[in-house]
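Listing of protein_36.cif; format and content: mmCIF, C-alpha atoms.
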```
data_final
#
loop_
_atom_site.label_atom_id
_atom_site.label_comp_id
_atom_site.auth_asym_id
_atom_site.auth_seq_id
_atom_site.Cartn_x
_atom_site.Cartn_y
_atom_site.Cartn_z
CA MET A 1124 0.00 0.00 0.00
CA GLY A 1125 2.86 2.36 0.75
CA ASP A 1126 0.69 4.61 2.92
CA VAL A 1127 0.88 6.02 6.45
CA LEU A 1128 -1.91 6.21 9.01
CA ALA A 1129 -1.10 8.30 12.10
CA GLY A 1130 -3.03 7.94 15.35
CA PHE A 1131 -2.50 8.70 19.01
CA HIS A 1132 0.84 7.30 20.27
CA ALA A 1133 1.51 5.30 17.07
CA VAL A 1134 1.88 5.44 13.28
CA TRP A 1135 1.14 2.52 10.96
CA GLU A 1136 3.13 2.39 7.73
CA PHE A 1137 1.69 -0.03 5.18
CA ASP A 1138 3.97 -1.94 2.84
CA THR A 1139 3.21 -4.57 0.22
CA ASP A 1140 3.58 -7.50 2.61
CA SER A 1141 3.59 -6.01 6.10
CA VAL A 1142 2.71 -3.08 8.32
CA LEU A 1143 5.42 -1.24 10.27
CA ILE A 1144 4.06 0.04 13.58
CA ARG A 1145 6.06 2.91 15.08
CA PHE A 1146 5.38 4.04 18.65
CA GLU A 1147 5.91 7.58 19.90
CA ARG A 1148 8.18 8.30 22.83
CA GLY A 1149 6.10 11.11 24.36
CA LEU A 1150 5.31 11.38 28.05
CA ARG A 1151 1.74 10.19 27.48
CA THR A 1152 2.75 7.10 25.54
CA PRO A 1153 2.58 3.94 27.71
CA LYS A 1154 6.04 2.75 28.74
CA LEU A 1155 5.58 -0.63 27.10
CA LEU A 1156 4.93 0.97 23.70
CA GLN A 1157 7.94 3.25 24.16
CA ALA A 1158 10.08 0.23 24.97
CA LEU A 1159 8.86 -1.58 21.83
CA GLY A 1160 9.90 1.32 19.60
CA GLU A 1161 8.66 -0.21 16.37
CA ARG A 1162 7.48 -3.60 15.13
CA ARG A 1163 7.09 -4.98 11.62
CA VAL A 1164 4.08 -7.26 11.33
CA PRO A 1165 3.65 -9.38 8.16
CA TYR A 1166 0.05 -9.55 6.98
CA GLU A 1167 0.25 -13.34 7.17
CA ALA A 1168 0.70 -12.97 10.95
CA LEU A 1169 -2.78 -11.44 11.36
CA ALA A 1170 -5.99 -13.29 12.12
CA SER A 1171 -8.49 -10.43 11.84
CA VAL A 1172 -8.95 -6.67 11.69
CA GLU A 1173 -11.77 -4.63 13.16
CA LEU A 1174 -12.81 -0.99 13.41
CA THR A 1175 -14.85 0.06 16.44
CA GLU A 1176 -16.04 3.23 18.13
CA GLY A 1177 -13.64 4.47 20.79
CA LYS A 1178 -13.95 6.83 23.73
CA ARG A 1179 -14.34 10.62 23.57
CA GLY A 1180 -14.70 11.09 19.83
CA THR A 1181 -12.31 8.43 18.59
CA VAL A 1182 -12.36 5.26 16.53
CA VAL A 1183 -10.12 2.25 17.08
CA LEU A 1184 -8.45 0.19 14.37
CA ARG A 1185 -7.29 -3.08 15.88
CA ALA A 1186 -5.54 -6.07 14.36
CA THR A 1187 -5.51 -9.46 16.06
CA PRO A 1188 -2.42 -11.63 15.57
CA ARG A 1189 -2.75 -15.34 14.91
CA PRO A 1190 -1.91 -17.56 17.90
CA GLY A 1191 1.72 -18.60 17.60
CA ALA A 1192 2.61 -15.73 15.24
CA ASP A 1193 3.94 -13.19 17.76
CA PRO A 1194 5.94 -14.17 20.87
CA LEU A 1195 4.97 -10.88 22.56
CA ALA A 1196 1.26 -11.55 22.11
CA ASP A 1197 1.68 -15.17 23.19
CA ALA A 1198 3.51 -14.11 26.35
CA ALA A 1199 0.98 -11.35 27.15
CA ASP A 1200 -1.89 -13.80 26.67
CA GLY A 1201 -4.56 -11.08 26.67
CA GLN A 1202 -3.40 -9.46 29.93
CA LEU A 1203 -2.45 -6.02 28.57
CA LYS A 1204 -4.61 -2.98 29.20
CA GLU A 1205 -6.14 -1.41 26.09
CA GLY A 1206 -3.77 1.55 26.14
CA SER A 1207 -0.73 -0.76 26.05
CA ASP A 1208 -2.01 -3.01 23.25
CA PRO A 1209 0.54 -2.72 20.41
CA TYR A 1210 -2.04 -3.86 17.84
CA ARG A 1211 -4.47 -1.04 18.65
CA LEU A 1212 -4.47 2.30 16.81
CA VAL A 1213 -6.70 5.11 18.15
CA LEU A 1214 -7.72 7.83 15.68
CA PRO A 1215 -9.96 10.94 15.74
CA ALA A 1216 -13.56 10.11 14.79
CA GLU A 1217 -13.35 12.38 11.73
CA ARG A 1218 -10.87 9.91 10.22
CA GLU A 1219 -13.28 7.00 10.47
CA THR A 1220 -13.84 6.78 6.70
CA LEU A 1221 -10.11 6.59 6.05
CA ALA A 1222 -9.65 4.09 8.88
CA GLU A 1223 -12.41 1.95 7.40
CA TYR A 1224 -10.61 1.95 4.06
CA TYR A 1225 -7.40 0.68 5.65
CA ALA A 1226 -9.31 -1.90 7.67
CA ASP A 1227 -10.76 -3.25 4.42
CA GLU A 1228 -7.33 -3.19 2.79
CA LEU A 1229 -5.83 -5.15 5.67
CA ARG A 1230 -8.64 -7.71 5.60
CA SER A 1231 -8.07 -8.22 1.88
CA ARG A 1232 -4.43 -9.11 2.62
CA LEU A 1233 -5.05 -11.68 5.33
CA GLY A 1234 -3.52 -15.00 4.38
CA PRO A 1235 -5.47 -18.18 3.64
CA GLU A 1236 -4.47 -19.50 7.08
CA ALA A 1237 -5.65 -16.47 9.05
CA ASP A 1238 -8.07 -18.56 11.10
CA THR A 1239 -5.43 -21.10 12.15
CA ALA A 1240 -2.51 -20.98 14.56
CA ALA A 1241 0.87 -20.19 13.03
CA GLU A 1242 3.47 -22.95 12.93
CA ARG A 1243 6.27 -20.54 13.79
CA TYR A 1244 6.77 -16.97 14.94
CA LEU A 1245 6.26 -14.51 12.09
CA VAL A 1246 6.83 -11.33 14.13
CA ALA A 1247 10.22 -10.77 15.76
CA ALA A 1248 10.34 -10.45 19.52
CA PRO A 1249 11.29 -6.96 20.74
CA PRO A 1250 14.87 -6.47 21.92
CA PRO A 1251 14.80 -7.48 25.59
CA PRO A 1252 16.63 -5.79 28.43
CA PRO A 1253 19.70 -7.87 29.39
CA SER A 1254 18.22 -8.05 32.88
CA PHE A 1255 15.35 -6.80 35.02
CA LYS A 1256 14.55 -6.70 38.73
CA ALA A 1257 11.79 -8.87 40.10
CA TYR A 1258 10.79 -8.75 43.77
CA ASP A 1259 12.84 -11.79 44.76
CA ALA A 1260 15.59 -11.89 42.13
CA LYS A 1261 17.37 -10.26 39.26
CA ALA A 1262 16.71 -12.06 35.99
CA PHE A 1263 19.30 -12.18 33.19
CA PHE A 1264 19.10 -13.36 29.57
CA ASP A 1265 22.02 -13.53 27.13
CA GLY A 1266 20.18 -15.14 24.23
CA GLU A 1267 20.97 -18.70 25.24
CA THR A 1268 20.70 -18.84 29.02
CA VAL A 1269 18.25 -17.41 31.56
CA SER A 1270 19.67 -16.84 35.04
CA PHE A 1271 18.02 -15.93 38.35
CA ARG A 1272 20.10 -14.35 41.11
CA TRP A 1273 18.11 -14.29 44.35
CA PHE A 1274 17.71 -11.26 46.64
CA TRP A 1275 18.06 -12.12 50.31
CA THR A 1276 15.38 -9.55 51.13
CA GLY A 1277 12.71 -11.12 48.92
CA ALA A 1278 13.48 -14.72 48.00
CA SER A 1279 11.73 -17.55 49.84
CA THR A 1280 13.59 -20.15 51.89
CA ALA A 1281 12.89 -22.71 49.15
CA LYS A 1282 14.67 -20.56 46.59
CA TRP A 1283 17.63 -19.86 48.87
CA LYS A 1284 18.04 -23.58 49.45
CA ALA A 1285 17.94 -24.24 45.70
CA GLY A 1286 20.55 -21.54 45.04
CA ASP A 1287 20.88 -19.21 42.05
CA GLN A 1288 19.49 -20.76 38.89
CA ARG A 1289 20.62 -21.11 35.26
CA PHE A 1290 18.40 -22.45 32.47
CA GLU A 1291 19.50 -23.20 28.90
CA VAL A 1292 16.74 -22.21 26.48
CA ALA A 1293 17.18 -25.57 24.72
CA GLY A 1294 15.95 -27.19 27.92
CA LEU A 1295 12.78 -25.10 28.12
CA SER A 1296 9.38 -25.70 26.57
CA GLY A 1297 7.97 -22.24 27.19
CA VAL A 1298 7.46 -19.25 29.48
CA GLU A 1299 4.52 -18.22 31.66
CA TRP A 1300 4.13 -14.46 32.24
CA ARG A 1301 1.59 -13.01 34.66
CA SER A 1302 1.28 -9.25 34.56
CA PRO A 1303 2.79 -7.28 37.48
CA GLU A 1304 -0.46 -5.33 37.51
CA ILE A 1305 -2.43 -8.33 38.80
CA PHE A 1306 -2.21 -10.44 41.94
CA ASN A 1307 0.50 -13.12 41.86
CA GLY A 1308 2.35 -11.55 38.93
CA HIS A 1309 5.39 -13.58 37.93
CA LEU A 1310 7.61 -14.97 35.19
CA ARG A 1311 7.94 -18.73 35.26
CA LEU A 1312 10.16 -20.85 33.03
CA LEU A 1313 8.75 -24.21 31.94
CA PRO A 1314 11.47 -26.91 31.75
CA ARG A 1315 10.97 -29.60 29.12
CA GLY A 1316 9.47 -32.84 30.31
CA THR A 1317 7.69 -31.28 33.30
CA THR A 1318 3.98 -30.77 33.90
CA ALA A 1319 2.03 -28.43 36.16
CA GLU A 1320 1.90 -31.25 38.73
CA ASP A 1321 5.71 -31.41 38.78
CA ARG A 1322 6.10 -27.73 39.67
CA PRO A 1323 5.43 -25.96 42.99
CA GLY A 1324 2.00 -24.35 42.80
CA ALA A 1325 3.12 -20.95 44.07
CA ALA A 1326 5.65 -18.98 42.01
CA ASP A 1327 7.39 -17.74 45.17
CA GLN A 1328 8.30 -21.37 45.97
CA ASP A 1329 9.41 -22.32 42.45
CA PRO A 1330 13.13 -21.89 41.66
CA ALA A 1331 12.16 -21.66 37.98
CA ALA A 1332 10.12 -18.51 38.62
CA VAL A 1333 10.57 -14.94 39.79
CA VAL A 1334 7.73 -12.98 41.37
CA PHE A 1335 6.71 -9.39 40.77
CA GLY A 1336 5.60 -6.69 43.16
CA MET A 1337 5.04 -2.96 43.38
CA GLY A 1338 7.77 -1.50 41.17
CA TYR A 1339 9.28 -4.93 40.39
CA GLY A 1340 8.93 -6.87 37.14
CA LEU A 1341 7.49 -3.87 35.32
CA ALA A 1342 5.60 -4.85 32.16
CA HIS A 1343 7.80 -2.80 29.81
CA GLU A 1344 10.80 -4.79 31.07
CA SER A 1345 9.52 -8.25 31.96
CA LEU A 1346 7.18 -8.76 28.97
CA PRO A 1347 9.81 -8.11 26.24
CA PHE A 1348 12.13 -10.34 28.29
CA ALA A 1349 9.55 -13.15 28.31
CA ALA A 1350 8.85 -12.73 24.58
CA ALA A 1351 12.55 -12.91 23.71
CA VAL A 1352 12.95 -16.10 25.74
CA LEU A 1353 9.92 -17.62 23.97
CA GLU A 1354 11.43 -16.77 20.58
CA ALA A 1355 14.77 -18.31 21.61
CA VAL A 1356 13.02 -21.47 22.85
CA GLN A 1357 11.32 -21.91 19.48
CA ALA A 1358 14.56 -21.25 17.60
CA ALA A 1359 16.31 -23.90 19.69
CA THR A 1360 13.65 -26.47 18.75
CA PRO A 1361 12.57 -25.67 15.19
CA ALA A 1362 9.28 -27.20 14.16
CA LEU A 1363 8.59 -28.58 10.73
CA VAL A 1364 6.49 -26.17 8.75
CA PRO A 1365 4.12 -27.77 6.23
CA GLU A 1366 4.07 -26.48 2.71
CA ARG A 1367 1.51 -23.78 2.17
CA SER A 1368 -0.90 -23.84 -0.71
CA PRO A 1369 -0.63 -20.92 -3.12
CA ALA A 1370 -2.81 -17.96 -2.23
CA ALA A 1371 -6.09 -17.83 -4.11
CA ARG A 1372 -6.44 -15.22 -6.85
CA PRO A 1373 -8.41 -12.13 -5.74
CA ASP A 1374 -12.11 -12.05 -6.57
CA PRO A 1375 -12.69 -9.51 -9.40
CA ALA A 1376 -15.93 -8.43 -7.68
CA ASP A 1377 -13.98 -7.67 -4.51
CA ILE A 1378 -11.43 -5.65 -6.49
CA ALA A 1379 -14.27 -3.68 -8.09
CA ASP A 1380 -15.80 -2.95 -4.66
CA ARG A 1381 -12.47 -1.70 -3.37
CA ILE A 1382 -12.02 0.58 -6.40
CA ARG A 1383 -15.51 1.99 -5.80
CA HIS A 1384 -14.52 2.57 -2.17
CA LEU A 1385 -11.42 4.43 -3.34
CA GLY A 1386 -13.63 6.58 -5.57
CA ALA A 1387 -15.77 7.47 -2.57
CA LEU A 1388 -12.68 8.47 -0.62
CA ARG A 1389 -11.57 10.68 -3.53
CA GLU A 1390 -15.00 12.30 -3.70
CA ALA A 1391 -14.80 12.94 0.06
CA GLY A 1392 -11.44 14.65 -0.40
CA LEU A 1393 -9.50 11.99 1.52
CA LEU A 1394 -7.52 10.90 -1.55
CA THR A 1395 -6.01 12.99 -4.31
CA ASP A 1396 -6.51 12.10 -7.98
CA ASP A 1397 -2.91 10.84 -8.16
CA GLU A 1398 -3.35 8.68 -5.06
CA PHE A 1399 -6.60 7.27 -6.47
CA SER A 1400 -4.95 6.40 -9.79
CA HIS A 1401 -1.94 4.82 -8.07
CA LYS A 1402 -4.07 2.63 -5.80
CA LYS A 1403 -6.43 1.68 -8.63
CA THR A 1404 -3.44 0.54 -10.69
CA GLU A 1405 -2.18 -1.55 -7.75
CA LEU A 1406 -5.56 -3.24 -7.34
CA LEU A 1407 -5.94 -4.01 -11.04
CA ALA A 1408 -2.43 -5.52 -11.03
CA GLU A 1409 -3.65 -8.12 -8.52
CA LEU A 1410 -6.06 -9.65 -11.06
#
```

Kindly present the structure from the file in structure tokens form.
Amino acid sequence: MGDVLAGFHAVWEFDTDSVLIRFERGLRTPKLLQALGERRVPYEALASVELTEGKRGTVVLRATPRPGADPLADAADGQLKEGSDPYRLVLPAERETLAEYYADELRSRLGPEADTAAERYLVAAPPPPPSFKAYDAKAFFDGETVSFRWFWTGASTAKWKAGDQRFEVAGLSGVEWRSPEIFNGHLRLLPRGTTAEDRPGAADQDPAAVVFGMGYGLAHESLPFAAAVLEAVQAATPALVPERSPAARPDPADIADRIRHLGALREAGLLTDDEFSHKKTELLAEL
């Protein structure tokens, strides 16, 4: 598409095969979004796109990633507040017509497997901090090994007895992140070959987990950390990806509808004649 859609706290730049989401660094931008900086999301990583009415004269364009396509979304597991959702773009209500156009464009580019889980991560994990402070430990990650160094002021007796911990990502099956903004927030590593019954029920008793608290394990630090570990775990145990069937040719009727939509945007003054001609040419080239 080659276009840019600017909203509050973020700008979406549309390319032929992906959307680049850039986050502002202003004081009002949530710290998690500032920490993410920018993320490139291939269209094949998306499951759906919706446009809804927002609060106080706004509209919200939101994309939903496929399960298994984004390690950050997998780690967050629906726990983020709306304002910190990196797939959510808030715009003034007067831009609803333009936002609707882009929502339709995104939907038209969803892959044939949009309603299925991805076999591998399609979106790169954000760069993690090399370490962060939890309530009972300092957690480190060097790309291959996760380490926990216990604090004597916060770690339980069980953790002190177990000693500082080191985990090779090749020996992990996953990561469990519970937001520091909820009760019992923690980051727990899941060693291969273990089940929930094998692990201590409480994170403060589990040497494979660190617990959060007020000012500890902050989401903008611990969530990118968890996502990066998830990505490294998958890279250490690559899964076989089945061959994908070729994408179906676009429906000419759908192309015609989209061209009519472009014409309406031009009539409304939201597209120039040159922009209309350029986009029309792109759509016709898809046939």

Do you have, as a tab-separated table, the list of residues of segment 1209-1283 of chain A lying at most 10 Å from segment 1125-1129 of chain A, each with its nearest atom pair and that distance in Å to one decimal, counting only C-alpha atoms and ordered by chain then number?
```
residue	atom	partner	partner_atom	distance
A:Leu1212	CA	A:Ala1129	CA	8.3
A:Val1213	CA	A:Ala1129	CA	8.8
A:Leu1214	CA	A:Ala1129	CA	7.5
A:Pro1215	CA	A:Ala1129	CA	9.9
A:Arg1218	CA	A:Leu1128	CA	9.8
A:Leu1221	CA	A:Leu1128	CA	8.7
A:Ala1222	CA	A:Leu1128	CA	8.0
A:Tyr1225	CA	A:Leu1128	CA	8.5
```

Could you save those same residues with C-alpha atoms as a PDB file, in the coordinates of the input?
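Writing done, so here's again_30.pdb:
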```pdb
ATOM      1  CA  LEU A1212      -4.470   2.300  16.810  1.00  0.00           C
ATOM      2  CA  VAL A1213      -6.700   5.110  18.150  1.00  0.00           C
ATOM      3  CA  LEU A1214      -7.720   7.830  15.680  1.00  0.00           C
ATOM      4  CA  PRO A1215      -9.960  10.940  15.740  1.00  0.00           C
ATOM      5  CA  ARG A1218     -10.870   9.910  10.220  1.00  0.00           C
ATOM      6  CA  LEU A1221     -10.110   6.590   6.050  1.00  0.00           C
ATOM      7  CA  ALA A1222      -9.650   4.090   8.880  1.00  0.00           C
ATOM      8  CA  TYR A1225      -7.400   0.680   5.650  1.00  0.00           C
TER       9      TYR A1225
END
```

Around (-12.4, 7.6, 20.6) in the file's frame, which residues reach within 12 Å when counting all atoms listed in the file? Return as a PyMOL selection string? chain A and resi 1130-1131+1174-1184+1206+1211-1219

Write the residues of the selection above to a file with C-alpha atoms, as a CSV table (one decimal), in the coordinates of the input.
```csv
chain,number,residue,atom,x,y,z
A,1130,GLY,CA,-3.0,7.9,15.4
A,1131,PHE,CA,-2.5,8.7,19.0
A,1174,LEU,CA,-12.8,-1.0,13.4
A,1175,THR,CA,-14.8,0.1,16.4
A,1176,GLU,CA,-16.0,3.2,18.1
A,1177,GLY,CA,-13.6,4.5,20.8
A,1178,LYS,CA,-14.0,6.8,23.7
A,1179,ARG,CA,-14.3,10.6,23.6
A,1180,GLY,CA,-14.7,11.1,19.8
A,1181,THR,CA,-12.3,8.4,18.6
A,1182,VAL,CA,-12.4,5.3,16.5
A,1183,VAL,CA,-10.1,2.2,17.1
A,1184,LEU,CA,-8.4,0.2,14.4
A,1206,GLY,CA,-3.8,1.6,26.1
A,1211,ARG,CA,-4.5,-1.0,18.6
A,1212,LEU,CA,-4.5,2.3,16.8
A,1213,VAL,CA,-6.7,5.1,18.2
A,1214,LEU,CA,-7.7,7.8,15.7
A,1215,PRO,CA,-10.0,10.9,15.7
A,1216,ALA,CA,-13.6,10.1,14.8
A,1217,GLU,CA,-13.4,12.4,11.7
A,1218,ARG,CA,-10.9,9.9,10.2
A,1219,GLU,CA,-13.3,7.0,10.5
```

Give me, please, the distance in Å between atom CA of Leu1233 of chain A and atom CA of Leu1407 of chain A, quoted to one decimal.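 Separating atom CA of Leu1233 of chain A from atom CA of Leu1407 of chain A is a distance of 18.1 Å.
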
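Evaluating the PyMOL selection byres ((chain A and resi 1260) around 7) against the shown model yields Lys1256, Ala1257, Tyr1258, Asp1259, Lys1261, Ala1262, Phe1271, Arg1272, Trp1273, Phe1274, Ala1278 and Val1333 of chain A.
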
The PyMOL selection byres ((chain A and resi 1340) around 8) - which residues does that actually catch in the file I just gave you? List them as a list in words. Phe1255, Lys1256, Ala1257, Tyr1258, Pro1303, His1309, Val1334, Phe1335, Gly1336, Gly1338, Tyr1339, Leu1341, Ala1342, Glu1344 and Ser1345 of chain A

Output for the residues just chosen: C-alpha atoms as a PDB file, in the coordinates of the input:
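What landed in result.pdb:
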```pdb
ATOM      1  CA  PHE A1255      15.350  -6.800  35.020  1.00  0.00           C
ATOM      2  CA  LYS A1256      14.550  -6.700  38.730  1.00  0.00           C
ATOM      3  CA  ALA A1257      11.790  -8.870  40.100  1.00  0.00           C
ATOM      4  CA  TYR A1258      10.790  -8.750  43.770  1.00  0.00           C
ATOM      5  CA  PRO A1303       2.790  -7.280  37.480  1.00  0.00           C
ATOM      6  CA  HIS A1309       5.390 -13.580  37.930  1.00  0.00           C
ATOM      7  CA  VAL A1334       7.730 -12.980  41.370  1.00  0.00           C
ATOM      8  CA  PHE A1335       6.710  -9.390  40.770  1.00  0.00           C
ATOM      9  CA  GLY A1336       5.600  -6.690  43.160  1.00  0.00           C
ATOM     10  CA  GLY A1338       7.770  -1.500  41.170  1.00  0.00           C
ATOM     11  CA  TYR A1339       9.280  -4.930  40.390  1.00  0.00           C
ATOM     12  CA  LEU A1341       7.490  -3.870  35.320  1.00  0.00           C
ATOM     13  CA  ALA A1342       5.600  -4.850  32.160  1.00  0.00           C
ATOM     14  CA  GLU A1344      10.800  -4.790  31.070  1.00  0.00           C
ATOM     15  CA  SER A1345       9.520  -8.250  31.960  1.00  0.00           C
TER      16      SER A1345
END
```

Step by step, work through what the PyMOL selection byres ((chain A and resi 1282-1299) around 8) selects in the shown file, and finish by giving those residues as JSON, numbers by chain. {"A": [1198, 1267, 1268, 1269, 1270, 1271, 1272, 1273, 1275, 1278, 1279, 1280, 1281, 1300, 1301, 1309, 1310, 1311, 1312, 1313, 1314, 1315, 1327, 1328, 1329, 1330, 1331, 1349, 1352, 1353, 1355, 1356, 1359, 1360]}

Two-atom distance - atom CA of Phe1264 of chain A, atom CA of Pro1165 of chain A (Å): 26.7 Å

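One finds atom CA of Arg1230 of chain A at 28.9 Å from atom CA of Arg1148 of chain A.
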
Have a look at A:Gly1316, A:Pro1194, A:Pro1153, A:Pro1375 and name the one nearest to Ala1351 of chain A; count only C-alpha atoms. A:Pro1194

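The nearest approach to His1401 of chain A among the residues A:Leu1203, A:Gln1157, A:Ala1376, A:Ile1382, with all atoms listed in the file taken into account, belongs to A:Ile1382.
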
Which residue out of A:Gly1324, A:Pro1347, A:Gly1308, A:Gly1191 has the minimum interatomic distance to Pro1249 of chain A when only C-alpha atoms are used?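 Checking each candidate against Pro1249 of chain A, we get A:Pro1347 as the closest.
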
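Distances from A:Tyr1210, A:Phe1306, A:Tyr1166, A:Phe1137 to Thr1187 of chain A were compared using all atoms listed in the file, and the smallest one belongs to A:Tyr1210.
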
Set the distance at 8 Å and use only C-alpha atoms: which residues neighbour Pro1188 of chain A once local chain neighbours fewer than 2 positions away are removed? I'd like the list as a PyMOL selection string. chain A and resi 1168-1171+1186+1190+1192-1193+1196

Counting all atoms listed in the file, the residue among A:Ala1391, A:Gly1149, A:Glu1136, A:Lys1204 that lies closest to Leu1229 of chain A is A:Glu1136

A:Leu1143, A:Glu1205, A:Glu1228, A:Ala1319: which is nearest Val1246 of chain A, counting only C-alpha atoms?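 So, comparing all the options, the nearest one is A:Leu1143.
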
Selection near Phe1348 of chain A, 8 Å with all atoms listed in the file, sequence-local residues under 5 positions removed, as a PyMOL selection string: chain A and resi 1250-1252+1254+1264

Save N, CA, C and O atoms of segment 1310-1325 of chain A from the block above as a PDB file, in the first residue's frame.
```pdb
ATOM      1  N   LEU A1310       7.079 -14.365  36.415  1.00  0.00           N
ATOM      2  CA  LEU A1310       7.613 -14.966  35.191  1.00  0.00           C
ATOM      3  C   LEU A1310       8.137 -16.339  35.579  1.00  0.00           C
ATOM      4  O   LEU A1310       9.002 -16.459  36.442  1.00  0.00           O
ATOM      5  N   ARG A1311       7.567 -17.359  34.940  1.00  0.00           N
ATOM      6  CA  ARG A1311       7.942 -18.735  35.257  1.00  0.00           C
ATOM      7  C   ARG A1311       8.454 -19.437  34.004  1.00  0.00           C
ATOM      8  O   ARG A1311       7.815 -19.391  32.943  1.00  0.00           O
ATOM      9  N   LEU A1312       9.616 -20.058  34.113  1.00  0.00           N
ATOM     10  CA  LEU A1312      10.161 -20.852  33.028  1.00  0.00           C
ATOM     11  C   LEU A1312       9.611 -22.263  33.125  1.00  0.00           C
ATOM     12  O   LEU A1312       9.432 -22.799  34.222  1.00  0.00           O
ATOM     13  N   LEU A1313       9.351 -22.874  31.980  1.00  0.00           N
ATOM     14  CA  LEU A1313       8.753 -24.212  31.939  1.00  0.00           C
ATOM     15  C   LEU A1313       9.776 -25.197  31.365  1.00  0.00           C
ATOM     16  O   LEU A1313       9.954 -25.289  30.153  1.00  0.00           O
ATOM     17  N   PRO A1314      10.479 -25.936  32.232  1.00  0.00           N
ATOM     18  CA  PRO A1314      11.466 -26.912  31.753  1.00  0.00           C
ATOM     19  C   PRO A1314      10.801 -28.025  30.946  1.00  0.00           C
ATOM     20  O   PRO A1314       9.664 -28.430  31.233  1.00  0.00           O
ATOM     21  N   ARG A1315      11.499 -28.515  29.950  1.00  0.00           N
ATOM     22  CA  ARG A1315      10.972 -29.603  29.124  1.00  0.00           C
ATOM     23  C   ARG A1315      10.771 -30.853  29.975  1.00  0.00           C
ATOM     24  O   ARG A1315      11.528 -31.137  30.899  1.00  0.00           O
ATOM     25  N   GLY A1316       9.726 -31.582  29.625  1.00  0.00           N
ATOM     26  CA  GLY A1316       9.471 -32.836  30.309  1.00  0.00           C
ATOM     27  C   GLY A1316       8.771 -32.703  31.642  1.00  0.00           C
ATOM     28  O   GLY A1316       8.563 -33.701  32.333  1.00  0.00           O
ATOM     29  N   THR A1317       8.406 -31.460  32.033  1.00  0.00           N
ATOM     30  CA  THR A1317       7.688 -31.280  33.297  1.00  0.00           C
ATOM     31  C   THR A1317       6.245 -30.892  33.026  1.00  0.00           C
ATOM     32  O   THR A1317       5.912 -30.367  31.963  1.00  0.00           O
ATOM     33  N   THR A1318       5.392 -31.144  33.972  1.00  0.00           N
ATOM     34  CA  THR A1318       3.982 -30.766  33.895  1.00  0.00           C
ATOM     35  C   THR A1318       3.663 -29.847  35.064  1.00  0.00           C
ATOM     36  O   THR A1318       4.483 -29.633  35.957  1.00  0.00           O
ATOM     37  N   ALA A1319       2.457 -29.310  35.070  1.00  0.00           N
ATOM     38  CA  ALA A1319       2.034 -28.431  36.164  1.00  0.00           C
ATOM     39  C   ALA A1319       2.110 -29.156  37.497  1.00  0.00           C
ATOM     40  O   ALA A1319       2.416 -28.553  38.535  1.00  0.00           O
ATOM     41  N   GLU A1320       1.858 -30.471  37.490  1.00  0.00           N
ATOM     42  CA  GLU A1320       1.901 -31.246  38.729  1.00  0.00           C
ATOM     43  C   GLU A1320       3.330 -31.386  39.263  1.00  0.00           C
ATOM     44  O   GLU A1320       3.539 -31.581  40.452  1.00  0.00           O
ATOM     45  N   ASP A1321       4.311 -31.267  38.374  1.00  0.00           N
ATOM     46  CA  ASP A1321       5.705 -31.406  38.784  1.00  0.00           C
ATOM     47  C   ASP A1321       6.254 -30.143  39.431  1.00  0.00           C
ATOM     48  O   ASP A1321       7.293 -30.180  40.100  1.00  0.00           O
ATOM     49  N   ARG A1322       5.580 -28.995  39.204  1.00  0.00           N
ATOM     50  CA  ARG A1322       6.097 -27.729  39.672  1.00  0.00           C
ATOM     51  C   ARG A1322       5.393 -27.283  40.946  1.00  0.00           C
ATOM     52  O   ARG A1322       4.208 -27.572  41.140  1.00  0.00           O
ATOM     53  N   PRO A1323       6.100 -26.537  41.818  1.00  0.00           N
ATOM     54  CA  PRO A1323       5.431 -25.956  42.985  1.00  0.00           C
ATOM     55  C   PRO A1323       4.278 -25.072  42.529  1.00  0.00           C
ATOM     56  O   PRO A1323       4.395 -24.342  41.537  1.00  0.00           O
ATOM     57  N   GLY A1324       3.163 -25.117  43.222  1.00  0.00           N
ATOM     58  CA  GLY A1324       2.003 -24.347  42.797  1.00  0.00           C
ATOM     59  C   GLY A1324       2.227 -22.852  42.866  1.00  0.00           C
ATOM     60  O   GLY A1324       1.790 -22.103  41.988  1.00  0.00           O
ATOM     61  N   ALA A1325       2.899 -22.375  43.895  1.00  0.00           N
ATOM     62  CA  ALA A1325       3.121 -20.946  44.067  1.00  0.00           C
ATOM     63  C   ALA A1325       4.447 -20.541  43.448  1.00  0.00           C
ATOM     64  O   ALA A1325       5.481 -21.186  43.653  1.00  0.00           O
TER      65      ALA A1325
END
```
